[in-house]
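Peer 1: See work19.pdb below, with PDB, C-alpha atoms.
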```
MODEL        1
ATOM      1  CA  MET A   1      74.129 125.639   5.956
ATOM      2  CA  SER A   2      71.854 128.612   6.684
ATOM      3  CA  LEU A   3      72.579 131.696   8.651
ATOM      4  CA  HIS A   4      70.005 133.160  10.991
ATOM      5  CA  GLN A   5      70.088 136.840  11.682
ATOM      6  CA  ARG A   6      68.054 138.726  14.209
ATOM      7  CA  GLN A   7      66.526 142.012  13.174
ATOM      8  CA  GLN A   8      67.186 144.868  15.528
ATOM      9  CA  GLN A   9      64.068 146.696  16.583
ATOM     10  CA  HIS A  10      64.128 150.339  17.650
ATOM     11  CA  LEU A  11      61.271 151.559  19.864
ATOM     12  CA  ILE A  12      60.571 155.251  19.302
ATOM     13  CA  ASP A  13      58.269 157.369  21.452
ATOM     14  CA  PRO A  14      56.479 159.752  19.085
ATOM     15  CA  SER A  15      56.045 162.444  21.804
ATOM     16  CA  PRO A  16      59.055 164.645  22.610
ATOM     17  CA  LEU A  17      60.807 164.001  25.870
ATOM     18  CA  SER A  18      60.948 166.789  28.433
ATOM     19  CA  PRO A  19      64.204 167.491  30.235
ATOM     20  CA  GLN A  20      62.700 165.910  33.390
ATOM     21  CA  SER A  21      61.533 162.776  31.605
ATOM     22  CA  THR A  22      64.933 162.472  29.950
ATOM     23  CA  ALA A  23      66.659 162.670  33.277
ATOM     24  CA  ASP A  24      64.270 160.066  34.724
ATOM     25  CA  ALA A  25      64.910 157.790  31.779
ATOM     26  CA  GLN A  26      68.664 158.150  32.198
ATOM     27  CA  HIS A  27      68.289 157.351  35.891
ATOM     28  CA  LYS A  28      66.298 154.200  35.076
ATOM     29  CA  ARG A  29      68.800 153.100  32.451
ATOM     30  CA  THR A  30      71.672 153.403  34.878
ATOM     31  CA  THR A  31      70.135 150.992  37.407
ATOM     32  CA  PRO A  32      73.096 148.935  38.725
ATOM     33  CA  LEU A  33      73.288 145.428  37.255
ATOM     34  CA  PHE A  34      73.724 143.802  40.685
ATOM     35  CA  SER A  35      70.844 145.597  42.308
ATOM     36  CA  ARG A  36      67.802 143.503  43.238
ATOM     37  CA  THR A  37      66.029 144.496  40.040
ATOM     38  CA  GLY A  38      69.091 143.810  37.908
ATOM     39  CA  LEU A  39      69.574 140.368  39.397
ATOM     40  CA  LEU A  40      65.935 139.491  38.759
ATOM     41  CA  ILE A  41      66.293 140.560  35.123
ATOM     42  CA  LEU A  42      69.496 138.530  34.743
ATOM     43  CA  LEU A  43      67.881 135.457  36.313
ATOM     44  CA  SER A  44      64.889 135.743  33.977
ATOM     45  CA  LEU A  45      67.214 135.963  30.981
ATOM     46  CA  ILE A  46      69.117 132.852  32.094
ATOM     47  CA  LEU A  47      65.843 130.938  32.442
ATOM     48  CA  VAL A  48      64.744 131.963  28.957
ATOM     49  CA  LEU A  49      68.036 131.035  27.340
ATOM     50  CA  GLY A  50      68.600 127.885  29.365
ATOM     51  CA  VAL A  51      65.122 126.373  29.318
ATOM     52  CA  VAL A  52      62.842 127.868  26.707
ATOM     53  CA  PHE A  53      65.343 128.299  23.855
ATOM     54  CA  PRO A  54      66.699 124.712  23.968
ATOM     55  CA  TRP A  55      63.115 123.411  24.031
ATOM     56  CA  ILE A  56      62.284 125.448  20.946
ATOM     57  CA  ARG A  57      65.368 124.076  19.206
ATOM     58  CA  SER A  58      64.484 120.501  20.148
ATOM     59  CA  THR A  59      60.914 120.769  18.871
ATOM     60  CA  ASP A  60      62.152 122.402  15.708
ATOM     61  CA  SER A  61      64.598 119.526  15.109
ATOM     62  CA  LEU A  62      61.699 117.056  15.073
ATOM     63  CA  PHE A  63      60.495 118.607  11.858
ATOM     64  CA  SER A  64      63.846 119.503  10.342
ATOM     65  CA  SER A  65      65.887 117.292   8.053
ATOM     66  CA  ASN A  66      67.403 114.475  10.063
ATOM     67  CA  PRO A  67      69.781 112.364   7.929
ATOM     68  CA  ARG A  68      69.733 109.377  10.284
ATOM     69  CA  GLY A  69      65.962 109.474  10.549
ATOM     70  CA  SER A  70      65.433 109.812   6.815
ATOM     71  CA  LEU A  71      67.851 106.961   6.145
ATOM     72  CA  ALA A  72      66.278 104.598   8.651
ATOM     73  CA  LYS A  73      64.323 103.033   5.784
ATOM     74  CA  TRP A  74      67.551 101.445   4.539
ATOM     75  CA  ARG A  75      67.533  99.112   7.547
ATOM     76  CA  SER A  76      64.765  97.095   5.901
ATOM     77  CA  TYR A  77      66.371  97.220   2.422
ATOM     78  CA  THR A  78      67.168  93.634   1.395
ATOM     79  CA  LEU A  79      69.930  92.130  -0.687
ATOM     80  CA  SER A  80      67.418  90.942  -3.291
ATOM     81  CA  GLN A  81      65.990  94.468  -3.589
ATOM     82  CA  ALA A  82      69.446  96.003  -3.855
ATOM     83  CA  ALA A  83      70.674  93.507  -6.458
ATOM     84  CA  ALA A  84      67.572  94.092  -8.580
ATOM     85  CA  PHE A  85      68.130  97.846  -8.348
ATOM     86  CA  VAL A  86      71.798  97.925  -9.409
ATOM     87  CA  ALA A  87      72.045  94.945 -11.804
ATOM     88  CA  LYS A  88      72.811  95.790 -15.416
ATOM     89  CA  ASN A  89      72.655  93.103 -18.093
ATOM     90  CA  GLY A  90      72.255  90.541 -15.331
ATOM     91  CA  THR A  91      75.522  91.505 -13.621
ATOM     92  CA  VAL A  92      76.351  93.024 -10.232
ATOM     93  CA  VAL A  93      79.759  94.331  -9.110
ATOM     94  CA  VAL A  94      80.077  93.774  -5.364
ATOM     95  CA  CYS A  95      82.367  94.931  -2.588
ATOM     96  CA  ALA A  96      82.075  94.611   1.190
ATOM     97  CA  VAL A  97      83.010  97.637   3.301
ATOM     98  CA  SER A  98      83.000  98.832   6.901
ATOM     99  CA  GLU A  99      83.324 102.489   7.903
ATOM    100  CA  PRO A 100      87.123 102.560   8.394
ATOM    101  CA  TYR A 101      87.554 101.546   4.749
ATOM    102  CA  ILE A 102      85.343 104.221   3.182
ATOM    103  CA  PRO A 103      88.389 106.134   1.837
ATOM    104  CA  PHE A 104      89.389 102.963  -0.033
ATOM    105  CA  LEU A 105      85.827 102.667  -1.311
ATOM    106  CA  ASN A 106      85.916 106.234  -2.638
ATOM    107  CA  ASN A 107      89.161 105.611  -4.476
ATOM    108  CA  TRP A 108      87.958 102.317  -5.962
ATOM    109  CA  LEU A 109      84.637 103.824  -7.087
ATOM    110  CA  ILE A 110      86.387 106.653  -8.918
ATOM    111  CA  SER A 111      88.342 104.136 -10.966
ATOM    112  CA  VAL A 112      85.259 101.988 -11.629
ATOM    113  CA  SER A 113      83.311 105.030 -12.816
ATOM    114  CA  ARG A 114      86.037 105.845 -15.340
ATOM    115  CA  GLN A 115      85.285 102.489 -16.953
ATOM    116  CA  LYS A 116      81.534 103.237 -16.954
ATOM    117  CA  HIS A 117      80.555 100.362 -14.646
ATOM    118  CA  GLN A 118      79.597 102.322 -11.529
ATOM    119  CA  ASP A 119      75.845 101.854 -12.039
ATOM    120  CA  LYS A 120      76.088  98.122 -11.371
ATOM    121  CA  VAL A 121      78.072  98.513  -8.121
ATOM    122  CA  LEU A 122      76.553  97.212  -4.895
ATOM    123  CA  VAL A 123      78.270  98.054  -1.620
ATOM    124  CA  ILE A 124      77.585  95.463   1.074
ATOM    125  CA  ALA A 125      77.855  97.592   4.202
ATOM    126  CA  GLU A 126      79.225  95.760   7.215
ATOM    127  CA  ASP A 127      78.002  98.418   9.651
ATOM    128  CA  TYR A 128      75.114 100.881   9.793
ATOM    129  CA  ALA A 129      77.358 103.934   9.499
ATOM    130  CA  THR A 130      78.501 102.743   6.067
ATOM    131  CA  LEU A 131      74.942 101.860   5.045
ATOM    132  CA  TYR A 132      73.764 105.385   5.863
ATOM    133  CA  LYS A 133      76.747 107.238   4.406
ATOM    134  CA  VAL A 134      76.688 105.448   1.056
ATOM    135  CA  ASN A 135      72.908 105.604   0.589
ATOM    136  CA  GLU A 136      72.779 109.242   1.665
ATOM    137  CA  ARG A 137      75.043 110.147  -1.254
ATOM    138  CA  TRP A 138      74.185 107.263  -3.599
ATOM    139  CA  PRO A 139      70.675 105.986  -2.788
ATOM    140  CA  GLY A 140      70.076 102.295  -3.283
ATOM    141  CA  HIS A 141      73.700 101.262  -3.811
ATOM    142  CA  ALA A 142      74.367  99.974  -0.297
ATOM    143  CA  VAL A 143      72.734  97.211   1.685
ATOM    144  CA  LEU A 144      73.412  95.668   5.076
ATOM    145  CA  VAL A 145      72.864  91.951   5.552
ATOM    146  CA  PRO A 146      72.144  91.431   9.266
ATOM    147  CA  PRO A 147      73.534  90.741  11.723
ATOM    148  CA  ALA A 148      76.147  93.458  11.354
ATOM    149  CA  PRO A 149      79.548  92.311  12.662
ATOM    150  CA  ASP A 150      81.511  94.385  15.147
ATOM    151  CA  THR A 151      83.538  96.556  12.774
ATOM    152  CA  GLN A 152      83.986  99.784  14.705
ATOM    153  CA  SER A 153      87.668  99.936  13.845
ATOM    154  CA  ALA A 154      89.875  98.744  11.020
ATOM    155  CA  HIS A 155      91.024  95.188  11.674
ATOM    156  CA  LYS A 156      94.538  93.980  11.075
ATOM    157  CA  PHE A 157      95.131  91.120   8.678
ATOM    158  CA  GLY A 158      95.179  87.901  10.695
ATOM    159  CA  SER A 159      93.018  89.261  13.518
ATOM    160  CA  GLN A 160      89.745  87.709  14.588
ATOM    161  CA  GLY A 161      87.931  90.868  13.508
ATOM    162  CA  PHE A 162      89.397  90.545  10.022
ATOM    163  CA  PHE A 163      88.332  86.892   9.866
ATOM    164  CA  ASN A 164      84.790  87.707  11.026
ATOM    165  CA  PHE A 165      84.562  90.463   8.415
ATOM    166  CA  THR A 166      85.846  88.481   5.415
ATOM    167  CA  SER A 167      84.188  85.160   6.304
ATOM    168  CA  ARG A 168      80.776  86.654   5.450
ATOM    169  CA  ARG A 169      81.844  87.184   1.839
ATOM    170  CA  PRO A 170      80.921  83.773   0.319
ATOM    171  CA  GLN A 171      77.485  83.916   1.940
ATOM    172  CA  HIS A 172      76.789  87.265   0.248
ATOM    173  CA  LEU A 173      78.045  85.995  -3.109
ATOM    174  CA  LEU A 174      76.047  82.759  -2.893
ATOM    175  CA  HIS A 175      72.870  84.714  -2.138
ATOM    176  CA  ILE A 176      73.371  86.900  -5.233
ATOM    177  CA  LEU A 177      74.047  83.832  -7.388
ATOM    178  CA  GLU A 178      70.856  82.232  -6.125
ATOM    179  CA  LEU A 179      69.009  85.368  -7.213
ATOM    180  CA  GLY A 180      70.210  84.604 -10.752
ATOM    181  CA  TYR A 181      72.872  87.287 -11.289
ATOM    182  CA  ASN A 182      76.462  87.196 -12.519
ATOM    183  CA  VAL A 183      78.598  88.712  -9.794
ATOM    184  CA  MET A 184      82.055  90.247  -9.784
ATOM    185  CA  TYR A 185      83.597  90.632  -6.340
ATOM    186  CA  ASN A 186      86.375  93.163  -5.706
ATOM    187  CA  ASP A 187      88.321  94.144  -2.617
ATOM    188  CA  VAL A 188      88.195  97.941  -2.363
ATOM    189  CA  ASP A 189      91.958  98.327  -2.105
ATOM    190  CA  MET A 190      91.867  97.995  -5.880
ATOM    191  CA  VAL A 191      91.981 100.465  -8.736
ATOM    192  CA  TRP A 192      90.646  99.816 -12.224
ATOM    193  CA  LEU A 193      92.872 101.207 -14.948
ATOM    194  CA  ALA A 194      90.982  99.395 -17.688
ATOM    195  CA  ASP A 195      87.745  97.491 -18.190
ATOM    196  CA  PRO A 196      88.084  93.925 -16.797
ATOM    197  CA  PHE A 197      84.986  92.520 -18.473
ATOM    198  CA  PRO A 198      86.555  91.818 -21.897
ATOM    199  CA  TYR A 199      88.887  89.351 -20.129
ATOM    200  CA  LEU A 200      85.972  87.211 -18.943
ATOM    201  CA  GLU A 201      86.031  84.971 -21.994
ATOM    202  CA  GLY A 202      83.781  81.963 -22.464
ATOM    203  CA  ASN A 203      81.109  80.737 -20.075
ATOM    204  CA  HIS A 204      83.126  79.330 -17.204
ATOM    205  CA  ASP A 205      81.701  79.009 -13.700
ATOM    206  CA  VAL A 206      84.408  80.766 -11.680
ATOM    207  CA  TYR A 207      87.116  83.240 -12.779
ATOM    208  CA  PHE A 208      90.007  84.156 -10.471
ATOM    209  CA  THR A 209      93.584  85.473 -10.312
ATOM    210  CA  ASP A 210      96.854  83.921  -9.119
ATOM    211  CA  ASP A 211      98.445  85.416  -6.002
ATOM    212  CA  MET A 212     101.961  84.215  -6.842
ATOM    213  CA  ALA A 213     104.781  86.512  -7.956
ATOM    214  CA  ALA A 214     106.529  83.948 -10.156
ATOM    215  CA  VAL A 215     106.394  84.956 -13.834
ATOM    216  CA  LYS A 216     104.210  82.777 -16.055
ATOM    217  CA  ALA A 217     104.430  82.327 -19.805
ATOM    218  CA  LEU A 218     102.264  84.789 -21.707
ATOM    219  CA  ASN A 219     100.197  81.910 -23.057
ATOM    220  CA  HIS A 220      99.978  80.051 -19.746
ATOM    221  CA  PRO A 221      97.134  77.556 -19.208
ATOM    222  CA  HIS A 222      93.938  78.814 -17.615
ATOM    223  CA  ASP A 223      93.447  75.739 -15.446
ATOM    224  CA  LEU A 224      93.771  75.855 -11.666
ATOM    225  CA  PRO A 225      97.531  75.934 -10.926
ATOM    226  CA  PRO A 226      99.146  73.006  -9.080
ATOM    227  CA  PRO A 227      99.200  73.111  -5.255
ATOM    228  CA  GLY A 228     102.059  74.814  -3.447
ATOM    229  CA  LYS A 229     104.062  73.799  -0.375
ATOM    230  CA  LYS A 230     101.005  73.886   1.899
ATOM    231  CA  GLY A 231      99.159  71.404  -0.271
ATOM    232  CA  ARG A 232      96.868  74.003  -1.789
ATOM    233  CA  THR A 233      96.962  76.673  -4.465
ATOM    234  CA  TYR A 234      97.612  80.392  -3.891
ATOM    235  CA  ILE A 235      94.646  81.965  -5.666
ATOM    236  CA  CYS A 236      93.659  85.479  -4.591
ATOM    237  CA  SER A 237      90.152  85.976  -3.210
ATOM    238  CA  CYS A 238      90.405  89.713  -3.968
ATOM    239  CA  MET A 239      88.958  89.481  -7.479
ATOM    240  CA  ILE A 240      86.395  86.813  -8.387
ATOM    241  CA  PHE A 241      83.826  86.603 -11.159
ATOM    242  CA  LEU A 242      80.999  84.082 -10.868
ATOM    243  CA  ARG A 243      78.179  83.024 -13.156
ATOM    244  CA  PRO A 244      74.908  81.805 -11.574
ATOM    245  CA  THR A 245      75.661  78.173 -12.343
ATOM    246  CA  ILE A 246      75.473  75.049 -10.212
ATOM    247  CA  GLY A 247      79.276  74.867 -10.265
ATOM    248  CA  ALA A 248      79.808  78.417  -8.997
ATOM    249  CA  LYS A 249      77.258  77.872  -6.223
ATOM    250  CA  ASP A 250      78.988  74.630  -5.231
ATOM    251  CA  VAL A 251      82.301  76.491  -4.874
ATOM    252  CA  MET A 252      80.683  79.130  -2.650
ATOM    253  CA  ARG A 253      79.087  76.440  -0.453
ATOM    254  CA  LYS A 254      82.395  74.606  -0.169
ATOM    255  CA  TRP A 255      84.101  77.910   0.737
ATOM    256  CA  ILE A 256      81.583  78.401   3.550
ATOM    257  CA  GLU A 257      82.185  74.837   4.762
ATOM    258  CA  GLU A 258      85.949  75.332   4.780
ATOM    259  CA  LEU A 259      85.629  78.537   6.805
ATOM    260  CA  GLN A 260      83.489  76.711   9.345
ATOM    261  CA  ALA A 261      86.013  73.880   9.499
ATOM    262  CA  GLN A 262      88.919  76.292   9.989
ATOM    263  CA  PRO A 263      87.687  78.900  12.488
ATOM    264  CA  TRP A 264      89.940  81.666  13.701
ATOM    265  CA  SER A 265      92.143  80.999  16.700
ATOM    266  CA  LYS A 266      95.123  82.779  18.240
ATOM    267  CA  LYS A 267      97.312  79.964  16.974
ATOM    268  CA  ALA A 268      95.907  79.530  13.480
ATOM    269  CA  LYS A 269      94.891  83.161  12.747
ATOM    270  CA  SER A 270      92.874  82.046   9.739
ATOM    271  CA  ASN A 271      91.509  84.290   7.001
ATOM    272  CA  ASP A 272      89.150  83.681   4.117
ATOM    273  CA  GLN A 273      91.714  83.103   1.343
ATOM    274  CA  PRO A 274      93.082  79.657   2.320
ATOM    275  CA  ALA A 275      89.504  78.405   2.663
ATOM    276  CA  PHE A 276      88.724  79.737  -0.835
ATOM    277  CA  ASN A 277      91.717  77.856  -2.208
ATOM    278  CA  TRP A 278      90.678  74.626  -0.493
ATOM    279  CA  ALA A 279      87.214  75.085  -1.975
ATOM    280  CA  LEU A 280      88.701  75.382  -5.468
ATOM    281  CA  ASN A 281      91.053  72.427  -4.927
ATOM    282  CA  LYS A 282      88.228  70.192  -3.680
ATOM    283  CA  THR A 283      85.876  71.031  -6.555
ATOM    284  CA  VAL A 284      88.399  70.966  -9.414
ATOM    285  CA  GLY A 285      87.198  68.577 -12.122
ATOM    286  CA  GLN A 286      83.599  69.114 -11.035
ATOM    287  CA  VAL A 287      83.456  72.855 -11.726
ATOM    288  CA  ASP A 288      84.554  74.866 -14.771
ATOM    289  CA  LEU A 289      87.352  77.036 -13.336
ATOM    290  CA  TYR A 290      89.245  79.736 -15.248
ATOM    291  CA  LEU A 291      92.537  81.365 -14.264
ATOM    292  CA  LEU A 292      92.665  84.897 -15.664
ATOM    293  CA  PRO A 293      95.824  85.860 -17.620
ATOM    294  CA  GLN A 294      98.717  86.931 -15.411
ATOM    295  CA  ALA A 295      99.796  89.582 -17.910
ATOM    296  CA  ALA A 296      96.466  91.270 -17.301
ATOM    297  CA  PHE A 297      95.961  90.327 -13.640
ATOM    298  CA  PRO A 298      99.417  90.151 -11.993
ATOM    299  CA  SER A 299      99.908  89.839  -8.250
ATOM    300  CA  GLY A 300     101.136  92.839  -6.308
ATOM    301  CA  GLY A 301     104.313  90.984  -5.502
ATOM    302  CA  LEU A 302     104.996  90.680  -9.218
ATOM    303  CA  TYR A 303     103.821  94.086 -10.365
ATOM    304  CA  PHE A 304     105.521  96.169  -7.713
ATOM    305  CA  LYS A 305     108.757  94.202  -7.425
ATOM    306  CA  ASN A 306     109.563  93.221 -11.001
ATOM    307  CA  GLU A 307     109.961  96.431 -12.984
ATOM    308  CA  THR A 308     111.376  94.611 -16.013
ATOM    309  CA  TRP A 309     108.275  92.455 -16.294
ATOM    310  CA  VAL A 310     106.053  95.519 -15.893
ATOM    311  CA  GLN A 311     107.779  97.367 -18.718
ATOM    312  CA  GLU A 312     107.651  94.351 -21.029
ATOM    313  CA  THR A 313     103.950  93.775 -20.478
ATOM    314  CA  ARG A 314     103.156  97.482 -20.627
ATOM    315  CA  VAL A 315     104.490  97.593 -24.188
ATOM    316  CA  MET A 316     102.091  94.780 -25.080
ATOM    317  CA  ASN A 317      99.205  96.840 -23.671
ATOM    318  CA  LEU A 318      98.380  94.156 -21.134
ATOM    319  CA  HIS A 319      98.022  94.666 -17.414
ATOM    320  CA  LEU A 320      96.034  93.889 -14.331
ATOM    321  CA  VAL A 321      97.978  93.561 -11.062
ATOM    322  CA  GLU A 322      97.458  92.321  -7.511
ATOM    323  CA  TYR A 323      99.146  94.522  -4.897
ATOM    324  CA  GLU A 324      96.718  95.102  -2.075
ATOM    325  CA  ALA A 325      94.620  97.130  -4.413
ATOM    326  CA  ASN A 326      93.910  95.643  -7.787
ATOM    327  CA  VAL A 327      94.745  98.207 -10.409
ATOM    328  CA  PHE A 328      93.672  98.418 -14.050
ATOM    329  CA  PHE A 329      95.476 100.529 -16.578
ATOM    330  CA  ASP A 330      95.831 100.103 -20.323
ATOM    331  CA  GLY A 331      94.274  96.695 -19.936
ATOM    332  CA  THR A 332      95.980  95.965 -16.631
ATOM    333  CA  PHE A 333      94.459  94.925 -13.369
ATOM    334  CA  ILE A 334      96.517  95.404 -10.228
ATOM    335  CA  SER A 335      95.426  94.040  -6.892
ATOM    336  CA  THR A 336      97.282  95.468  -3.939
TER     337      THR A 336
ENDMDL
END
```
Represent the structure contained in this file as structure tokens.
Peer 2:
Amino acid sequence: MSLHQRQQQHLIDPSPLSPQSTADAQHKRTTPLFSRTGLLILLSLILVLGVVFPWIRSTDSLFSSNPRGSLAKWRSYTLSQAAAFVAKNGTVVVCAVSEPYIPFLNNWLISVSRQKHQDKVLVIAEDYATLYKVNERWPGHAVLVPPAPDTQSAHKFGSQGFFNFTSRRPQHLLHILELGYNVMYNDVDMVWLADPFPYLEGNHDVYFTDDMAAVKALNHPHDLPPPGKKGRTYICSCMIFLRPTIGAKDVMRKWIEELQAQPWSKKAKSNDQPAFNWALNKTVGQVDLYLLPQAAFPSGGLYFKNETWVQETRVMNLHLVEYEANVFFDGTFIST
């Protein structure tokens, strides 16, 4: 921010003033403000300040730095361009954010940067304010896939706004897969306390975490768990890793189909996670699915409500939880 100072100018008459001229000058300087002359001077000053000065400021602003104007180019920035820009070793780390969730984004990015993976992060902005703010500070790391949904305020879980926001997720992920990249999706209410990539063993199509709080054996199977009471599994859509395989693409397409088949209503109040589970359940046996280890990726219900389990797994240097913010520490991932 710059400060503008006006220089004071002093007009000096080089010839000495006579007593008469001094008296005349004093008489002129003491002209009453509300005399006819004084009012004319005051009116002229108001015109200058009210008309001319604002015009000068407006013309000056046309040539000054205008963040919105300079960032307008990001409107035409495409997902393929953005993925190519951020991808490292064929991998992109993706999150989807609207302006009310920028504080969560900041917190998540700090933790990702501590694990040295920030360069491959791509923020899918769900409104133009987020697109501009992220690219102003971190050029090229945010993209908006039109049309932008109405996300002027934070949406409550179960609301139609929340459904509209999250239901775009599989479309974004499918597009990135079709571009040929591995993609890790994270909700931004997560914190990395360790590097998750060493846990992505083998060459499976889809990697995911269990959303259940029940304790599993340390050597539990990595297959899709059996369905629960609602006839489907309880896998969390907060943390997903996908390889650009036919199987992973099929799961994303099925997820999109399930969302279309189960639209939001005041009665149902759908969200994206049940549809993701149905997609997994309906493609099991056709797609190579991999359940990440619970000791490294526990649910928030487990991590924050079972202190004994936390202490036992902490000693084994394993951890990764799901709480509404997935958190990594000493090899642990916590999703909140």
Peer 1: If the PyMOL selection byres ((chain A and resi 226) around 12) were run on this exact file, what residues would it hold? Put them as a ChimeraX atom specification.
Peer 2: /A:210,212,221-225,227-235,277,280-281,284,291
Peer 1: With C-alpha atoms retained, write the just-selected residues as an mmCIF file, keeping the file's coordinate frame.
Peer 2:
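Output (result23.cif):
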```cif
data_model
loop_
_atom_site.group_PDB
_atom_site.id
_atom_site.type_symbol
_atom_site.label_atom_id
_atom_site.label_comp_id
_atom_site.auth_asym_id
_atom_site.auth_seq_id
_atom_site.Cartn_x
_atom_site.Cartn_y
_atom_site.Cartn_z
ATOM 1 C CA ASP A 210 96.854 83.921 -9.119
ATOM 2 C CA MET A 212 101.961 84.215 -6.842
ATOM 3 C CA PRO A 221 97.134 77.556 -19.208
ATOM 4 C CA HIS A 222 93.938 78.814 -17.615
ATOM 5 C CA ASP A 223 93.447 75.739 -15.446
ATOM 6 C CA LEU A 224 93.771 75.855 -11.666
ATOM 7 C CA PRO A 225 97.531 75.934 -10.926
ATOM 8 C CA PRO A 227 99.200 73.111 -5.255
ATOM 9 C CA GLY A 228 102.059 74.814 -3.447
ATOM 10 C CA LYS A 229 104.062 73.799 -0.375
ATOM 11 C CA LYS A 230 101.005 73.886 1.899
ATOM 12 C CA GLY A 231 99.159 71.404 -0.271
ATOM 13 C CA ARG A 232 96.868 74.003 -1.789
ATOM 14 C CA THR A 233 96.962 76.673 -4.465
ATOM 15 C CA TYR A 234 97.612 80.392 -3.891
ATOM 16 C CA ILE A 235 94.646 81.965 -5.666
ATOM 17 C CA ASN A 277 91.717 77.856 -2.208
ATOM 18 C CA LEU A 280 88.701 75.382 -5.468
ATOM 19 C CA ASN A 281 91.053 72.427 -4.927
ATOM 20 C CA VAL A 284 88.399 70.966 -9.414
ATOM 21 C CA LEU A 291 92.537 81.365 -14.264
#
```
Peer 1: Name the residues in contact with Asp211 of chain A at a cut-off of 8 Å, using all atoms listed in the file, excluding same-chain residues fewer than 5 positions from it; report them as a PyMOL selection string.
Peer 2: chain A and resi 234-236+298-300+322
Peer 1: If we count all atoms listed in the file, what is near Val121 of chain A at a cut-off of 10 Å, once residues fewer than 4 positions away on the same chain are taken out, given as a count of residues only?
Peer 2: 20
Peer 1: Using all atoms listed in the file, which of the listed residues (A:Lys249, A:Arg168, A:Arg114, A:Arg243) sits closest to Leu200 of chain A?
Peer 2: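 Among the listed residues, the smallest separation from Leu200 of chain A belongs to A:Arg243.
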Peer 1: For Phe276 of chain A, which of A:Tyr181, A:Val191, A:Pro170, A:Asn203 is the closest residue, counting all atoms listed in the file?
Peer 2: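 Closest residue, counting all atoms listed in the file: A:Pro170.
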Peer 1: Identify which of the residues A:Glu258, A:Glu99, A:Asp272, A:Asp195 lies closest to Cys238 of chain A, counting all atoms listed in the file when measuring atom-to-atom distances.
Peer 2: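 Among the listed residues, the smallest separation from Cys238 of chain A belongs to A:Asp272.
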Peer 1: Please report the interatomic distance between atom CA of Gly180 of chain A and atom CA of Leu193 of chain A in Å with one decimal.
Peer 2: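 Rounded to one decimal, the two atoms are 28.4 Å apart.
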Peer 1: For atom CA of Val206 of chain A and atom CA of Phe104 of chain A, determine how far apart the two atoms are, in Å to one decimal place.
Peer 2: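 If I compute the distance from atom CA of Val206 of chain A to atom CA of Phe104 of chain A, I get 25.6 Å.
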Peer 1: Quick one, how far is atom CA of Pro196 of chain A from atom CA of Lys116 of chain A?
Peer 2: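 These two atoms are separated by 11.4 Å.
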Peer 1: Considering only C-alpha atoms, state which residue in the set A:Trp192, A:Glu136, A:Asp205, A:Ser98 is at the smallest distance from Gln118 of chain A.
Peer 2: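 Using only C-alpha atoms, Gln118 of chain A sits closest to A:Trp192.
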Peer 1: Closest to Asp119 of chain A among A:Gln262, A:Gln81, A:Thr308, A:Asn89, using all atoms listed in the file?
Peer 2: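 Among the listed residues, the smallest separation from Asp119 of chain A belongs to A:Asn89.
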Peer 1: Just want the 12 Å neighbourhood of Ala148 of chain A, counted on only C-alpha atoms, with same-chain residues fewer than 4 positions away dropped. Output as number ranges by chain.
Peer 2: A: 75, 96-98, 124-131, 143-144, 152, 164-165, 168
Peer 1: Taking into account all atoms listed in the file, which residue in the set A:Lys120, A:Lys216, A:Arg137, A:His175 is nearest to Thr78 of chain A?
Peer 2: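 With all atoms listed in the file as the atom set, the closest residue is A:His175.
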Peer 1: Dump as a VMD selection string all residues having an atom at most 12 Å from (76.3, 82.7, 6.4), computed in the file's coordinates with all atoms listed in the file.
Peer 2: chain A and resid 145 to 149 164 to 175 252 to 253 255 to 257 259 to 260
